[in-house]
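Everything below concerns the one structure shown next.
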Amino acid sequence: MATQIQINQTILELTQGDITQEETDAIVNAANSSLLGGGGVDGAIHRAAGSQLLAETSQLGGCKTGDAKLTKGYRLKAKYVIHGVGPIYRAKDPHVSKMLASVYQRSLEIATAHQLVSIAFPAISTGIYGYPMQEAAEISLKTVISFLENNTQLKLVRFVLFTDDALRVFEEKLSRLI
Ligand code: AR6
């Protein structure tokens with residue numbers, strides 16, 4: 001069961017699943033700064049999109065931590081992939097939370113600049129990059145909510161959490177933030 005809330009004209013939804021199956025205009029990848037692929041959701045997205053995705057990302061000159069870049073989706077159902085580079089977690093370093101917020105902000109700005117109406121996010125940095133799910137959920141949700149309070153073009157922002165546990169953490173955080 002998905003959780004939904006409405007913020008201005010936009011539905012913010014939390015669901016459990018595999019983001020490579022999403023039919024939103026764009027899915028966001030939890031990439032690294034080389035943009036040349038990797039494990040986790042990055043590996044799954046590259047496998048599902050096919051080798052043309054790597055051909056495009058390898059032309060982009062990488063991407064800074066906290067920033068994002070858009071490519072086509074190739075064999076994915078989503079038309080575009082927004083490759084966001086989250087921070088590697090370090091406890092008690094305020095820079096990492098700024099960088100995590102920035103990836104969500106930049107991804108939403110890029111989606112808006114390309115007139116997209118729907119976008120799906122994974123829980124960036126919470127796998128191989130080690131960000132605790134509780135902390136990441138709070139930063140991610142706060143950033144998306146504050147963006148949607150000021151921008152109305154997007155119709156749907158969906159978090160696709162890989163596990164039931166991750167979904168529960170996001171649901172609990174969201175209920176405290178609204
Ligand atoms: N759909 C949705 N979420 C997923 C999927 C999926 N198919 N697969 C994993 N997750 P991670 P990071 C969740 O490690 O921490 C790569 O090597 C996973 O459970 O994919 O940002 C990159 O190239 C976790 O909650 O990304 C980078 O080097 C979340 O996605 C590095 O990993 C993010 O886990 C990035 O690490």
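Here's how to read the names in the structure tokens: chain A, B, ... by the order shown, residue numbers from 1 in each chain, ligand numbers from 1 in the order shown.
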**OP:** Give as a ChimeraX atom specification the residues surrounding ligand 1 up to a distance of 10 Å, considering only C-alpha atoms and all ligand atoms.
**Re:** /A:15-22,27-45,48,83-89,100,120-133,136,159-163,165-167
Original post:
Residues at most 6 Å from Leu14 of chain A, counting only C-alpha atoms, excluding those fewer than 2 positions away in the same chain, as a ChimeraX atom specification?
Top reply: /A:2-3,158-159
Subject >> All helix (DSSP H, G or I) positions in segment 1-175 of chain A, as a PyMOL selection string >> reply: chain A and resi 19-21+40-49+51-57+94-113+133-150+164-175
**OP:** Would you return as a list in words the members of segment 20-103 of chain A that DSSP assigns to strand (DSSP E or B) on this structure's backbone?
**Re:**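 Selection result, strand (DSSP E or B) within segment 20-103 of chain A: Ala26, Ile27, Val28, Asn29, Ala30, Ala31, Ala68, Lys69, Leu70, Thr71, Lys72, Tyr80, Val81, Ile82, His83, Gly84 and Val85 of chain A.
With only C-alpha atoms as the basis for measurement, A:Asp25 is the residue among A:Thr112, A:Ser51, A:Asp25, A:Thr65 that approaches Lys77 of chain A most closely.
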Original post:
From the set A:Leu177, A:Leu148, A:Val169, A:Ala49, which residue has the shortest atom-to-atom contact distance to Leu108 of chain A, counting only C-alpha atoms?
Top reply: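 Looking at the shortest contact to Leu108 of chain A, the residue is A:Leu148.
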**OP:** Choose the residue, out of A:Lys155, A:Phe170, A:Ser175, A:Ala137, that has the smallest atom-to-atom separation from Ile7 of chain A; count only C-alpha atoms.
**Re:** A:Lys155
